[in-house]
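Asker: Encoded as structure tokens, here's the structure I'll be asking about.
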Amino acid sequence: MDLRLLEYFLAVAEIGNITKAAERLHTTQPTVSRQLRDLEESLGVTLLTRGKRQVTLTDAGILFQQRAREMVDLLDKAKRDLASQNDLAGGMVSIGCVESCASYLLADTIKDFSEKYPKVRYDIYSANGDDIREKLDRGDLDFGILVEPVEVAKYDFFRLPVWETWGLVMRKDDPLAEKDVIGREEMLSIPLILPSREIIHDEIASWFGVDRSSLHIVASGNLLHNKVLLTEKGLGYSVCVQGAFELHRDDALCFRPLEPKQTSGHVLAWKKNREFHSAASRFRAYVRNTI
């Protein structure tokens, strides 16, 4: 598919007006309109609902917008990677990282690596493990820093010297804040705000020897920021690793570890059989040899 068609479509989808999109693209309105109709015809679907002053996306258009953006982003990354092949001292390294104490390790590593290779740039993506794995699978990311366990059939990886402790975030004025640790009895009697990953729900239930249905789950989310806002409002107790809480420290909240203690390790992972450009290859070697 012609990249120009994708760029035309994405511009119109963003602006909502074909004439204004044509101005941004430095072409004419009839040209953009014709190209969009050709695109719809080739796909066999209607992507846009055309009004007098504005165009809106159909359901098919919304789906195609997401896929078109992924294709354009992936092509841009491929161009950067190819350019980096001829530049041993520069290039772009893209890294996904979960919210945890591993963020501090990543920052220190990038700082030290940058002193050796000052021309290298970095694209950092913060998300939960599922989102990072999805981008690794698509080739959008070179590396992902993930909490174990990791699917060994899909990724190569090596372990990082970073361990996290699981616990609850709560208001400081909550009666449970007076405890040093939170045990099974408390966990099964309070409303919980969990990470969105289903595997974590099952893991938490297994820690306390119950089915997931025994947990009082009131909400879930991929990153901690919005979840702790719910905790501040008294909706429930946010389950997370301590490092994530440290990144979002709030004077009104506190962290209490679970009892028995639950910990998780971290890995630096990449898609199996991935061919790296020089900057990413050097970064991987640096992490392996120094960390």
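Starting from 1 in every chain, residues are counted up; chains themselves are A, B, ... following the order of the structure tokens, and ligands are numbered from 1 as listed.
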Enumerate, in order of chain and increasing residue number, the residues of segment 59-130 of chain A with an atom no farther than 8 Å from segment 282-289 of chain A, each with its shortest atom pair and distance in Å to one decimal, counting only C-alpha atoms, as a Markdown table.

Answerer:
| residue | atom | partner | partner_atom | distance |
| --- | --- | --- | --- | --- |
| A:Val93 | CA | A:Phe283 | CA | 7.8 |
| A:Thr109 | CA | A:Val287 | CA | 7.4 |
| A:Phe113 | CA | A:Phe283 | CA | 7.3 |

Asker: I want to know what sits within 12 Å of Leu63 of chain A, based on only C-alpha atoms, with residues of the same chain fewer than 4 positions away left out; could you give that as a PyMOL selection string?

Answerer: chain A and resi 10+13+45-48+57-59+67-70

Asker: As an exercise, work out the distance from atom CA of Trp166 of chain A to atom CA of Tyr125 of chain A in Å and give it to one decimal place.

Answerer: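 Atom CA of Tyr125 of chain A lies 22.6 Å from atom CA of Trp166 of chain A.
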
Asker: Residues within 6 Å of Asp156 of chain A, please, as a list in words. Count only C-alpha atoms; anything in the same chain fewer than 3 positions from it doesn't count.

Answerer: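 The contact residues come out as Ala269, Trp270 and Lys272 of chain A.
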
Asker: Can those selected residues be exported to a file as an mmCIF file, in the first residue's frame so that it contains N, CA and C atoms?

Answerer:
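Contents of selection.cif, freshly written:
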data_model
loop_
_atom_site.group_PDB
_atom_site.id
_atom_site.type_symbol
_atom_site.label_atom_id
_atom_site.label_comp_id
_atom_site.auth_asym_id
_atom_site.auth_seq_id
_atom_site.Cartn_x
_atom_site.Cartn_y
_atom_site.Cartn_z
ATOM 1 N N ALA A 269 14.224 -7.903 27.899
ATOM 2 C CA ALA A 269 13.784 -8.871 26.896
ATOM 3 C C ALA A 269 13.736 -8.248 25.512
ATOM 4 N N TRP A 270 13.900 -9.105 24.499
ATOM 5 C CA TRP A 270 13.747 -8.675 23.109
ATOM 6 C C TRP A 270 13.195 -9.847 22.310
ATOM 7 N N LYS A 272 12.698 -12.828 19.848
ATOM 8 C CA LYS A 272 13.656 -13.814 19.355
ATOM 9 C C LYS A 272 13.946 -13.596 17.879
#

Asker: Rank A:His26, A:Arg212, A:Arg256, A:His225 by their smallest atom-to-atom distance to Lys179 of chain A, using only C-alpha atoms, and report the top residue only.

Answerer: A:Arg256

Asker: Could you give me the residues within segment 30-237 of chain A that DSSP places in strand (DSSP E), as a PyMOL selection string?

Answerer: chain A and resi 48-50+55-57+90-97+119-126+143-147+155-171+192-195+217-221+237

Asker: Just to confirm, what's the straight-line distance from atom CA of Phe64 of chain A to atom CA of Arg133 of chain A in Å (one decimal)?

Answerer: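 Atom-to-atom, atom CA of Phe64 of chain A and atom CA of Arg133 of chain A are spaced 21.6 Å apart.
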
Asker: Show me, as a ChimeraX atom specification, the residues that have an atom within 9 Å of Leu247 of chain A when counting only C-alpha atoms, minus same-chain residues fewer than 2 positions from it.

Answerer: /A:99-101,103,242-245,249

Asker: Have a look at atom CA of Tyr122 of chain A and atom CA of Arg274 of chain A and let me know their distance in Å, one decimal.

Answerer: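 If I compute the distance from atom CA of Tyr122 of chain A to atom CA of Arg274 of chain A, I get 18.4 Å.
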
Asker: Need the shell around segment 15-21 of chain A: protein/DNA/RNA residues with any atom at most 9 Å away, counting only C-alpha atoms. Skip same-chain ones fewer than 3 positions apart. Format as a ChimeraX atom specification?

Answerer: /A:8,10-12,24-30,32-33,53-57

Asker: For the selection just defined, write its residues with C-alpha atoms to a file, as a PDB file, in the first residue's frame.

Answerer:
ATOM      1  CA  TYR A   8      -3.529  11.414   3.558  1.00  0.00           C
ATOM      2  CA  LEU A  10      -4.257   9.992   8.912  1.00  0.00           C
ATOM      3  CA  ALA A  11      -4.177  13.738   8.272  1.00  0.00           C
ATOM      4  CA  VAL A  12      -7.903  13.844   7.448  1.00  0.00           C
ATOM      5  CA  ARG A  24      -1.134  20.664   5.630  1.00  0.00           C
ATOM      6  CA  LEU A  25      -0.104  18.086   3.041  1.00  0.00           C
ATOM      7  CA  HIS A  26       0.715  20.809   0.478  1.00  0.00           C
ATOM      8  CA  THR A  27      -1.659  19.397  -2.096  1.00  0.00           C
ATOM      9  CA  THR A  28      -5.200  20.079  -3.315  1.00  0.00           C
ATOM     10  CA  GLN A  29      -8.554  19.110  -1.868  1.00  0.00           C
ATOM     11  CA  PRO A  30      -9.652  17.178  -4.995  1.00  0.00           C
ATOM     12  CA  VAL A  32      -6.950  14.150  -1.271  1.00  0.00           C
ATOM     13  CA  SER A  33     -10.638  13.359  -1.848  1.00  0.00           C
ATOM     14  CA  ARG A  53     -17.915  21.039   6.859  1.00  0.00           C
ATOM     15  CA  GLN A  54     -16.484  18.013   8.620  1.00  0.00           C
ATOM     16  CA  VAL A  55     -15.714  14.364   8.070  1.00  0.00           C
ATOM     17  CA  THR A  56     -15.906  11.744  10.823  1.00  0.00           C
ATOM     18  CA  LEU A  57     -14.564   8.223  11.056  1.00  0.00           C
TER      19      LEU A  57
END

Asker: Which residues come within 7 Å of Cys97 of chain A, counting only C-alpha atoms, excluding same-chain residues fewer than 3 positions away, as a CSV table (one decimal) with all heavy atoms, in the first residue's frame?

Answerer:
chain,number,residue,atom,x,y,z
A,103,SER,N,12.9,1.4,36.8
A,103,SER,CA,13.0,2.7,36.1
A,103,SER,C,14.3,3.5,36.5
A,103,SER,O,14.9,4.1,35.7
A,103,SER,CB,11.8,3.6,36.4
A,103,SER,OG,10.6,3.0,35.9
A,125,TYR,N,9.2,4.1,26.4
A,125,TYR,CA,7.7,3.8,26.5
A,125,TYR,C,7.4,3.2,27.8
A,125,TYR,O,7.9,2.2,28.2
A,125,TYR,CB,7.4,2.9,25.3
A,125,TYR,CG,5.9,2.5,25.3
A,125,TYR,CD1,4.9,3.3,25.0
A,125,TYR,CD2,5.6,1.1,25.6
A,125,TYR,CE1,3.6,2.9,24.9
A,125,TYR,CE2,4.2,0.7,25.6
A,125,TYR,CZ,3.2,1.6,25.3
A,125,TYR,OH,1.9,1.3,25.2
A,126,SER,N,6.5,3.9,28.6
A,126,SER,CA,6.1,3.4,29.9
A,126,SER,C,4.7,2.8,29.8
A,126,SER,O,3.8,3.4,29.3
A,126,SER,CB,6.1,4.5,30.9
A,126,SER,OG,7.4,5.1,31.0
A,127,ALA,N,4.6,1.5,30.3
A,127,ALA,CA,3.3,0.8,30.2
A,127,ALA,C,3.4,-0.4,31.1
A,127,ALA,O,4.4,-0.7,31.7
A,127,ALA,CB,3.0,0.4,28.7
A,144,GLY,N,12.4,-4.5,26.1
A,144,GLY,CA,11.4,-4.3,27.1
A,144,GLY,C,11.9,-4.7,28.4
A,144,GLY,O,12.5,-5.8,28.6
A,145,ILE,N,11.8,-3.9,29.4
A,145,ILE,CA,12.1,-4.3,30.8
A,145,ILE,C,10.8,-4.7,31.4
A,145,ILE,O,9.8,-4.0,31.6
A,145,ILE,CB,12.7,-3.1,31.6
A,145,ILE,CG1,14.0,-2.7,31.0
A,145,ILE,CG2,12.8,-3.5,33.1
A,145,ILE,CD1,14.7,-1.6,31.7
A,146,LEU,N,10.7,-6.0,31.8
A,146,LEU,CA,9.5,-6.7,32.2
A,146,LEU,C,9.7,-7.3,33.6
A,146,LEU,O,10.8,-7.7,34.0
A,146,LEU,CB,9.1,-7.8,31.2
A,146,LEU,CG,8.9,-7.3,29.7
A,146,LEU,CD1,8.8,-8.5,28.8
A,146,LEU,CD2,7.7,-6.4,29.6
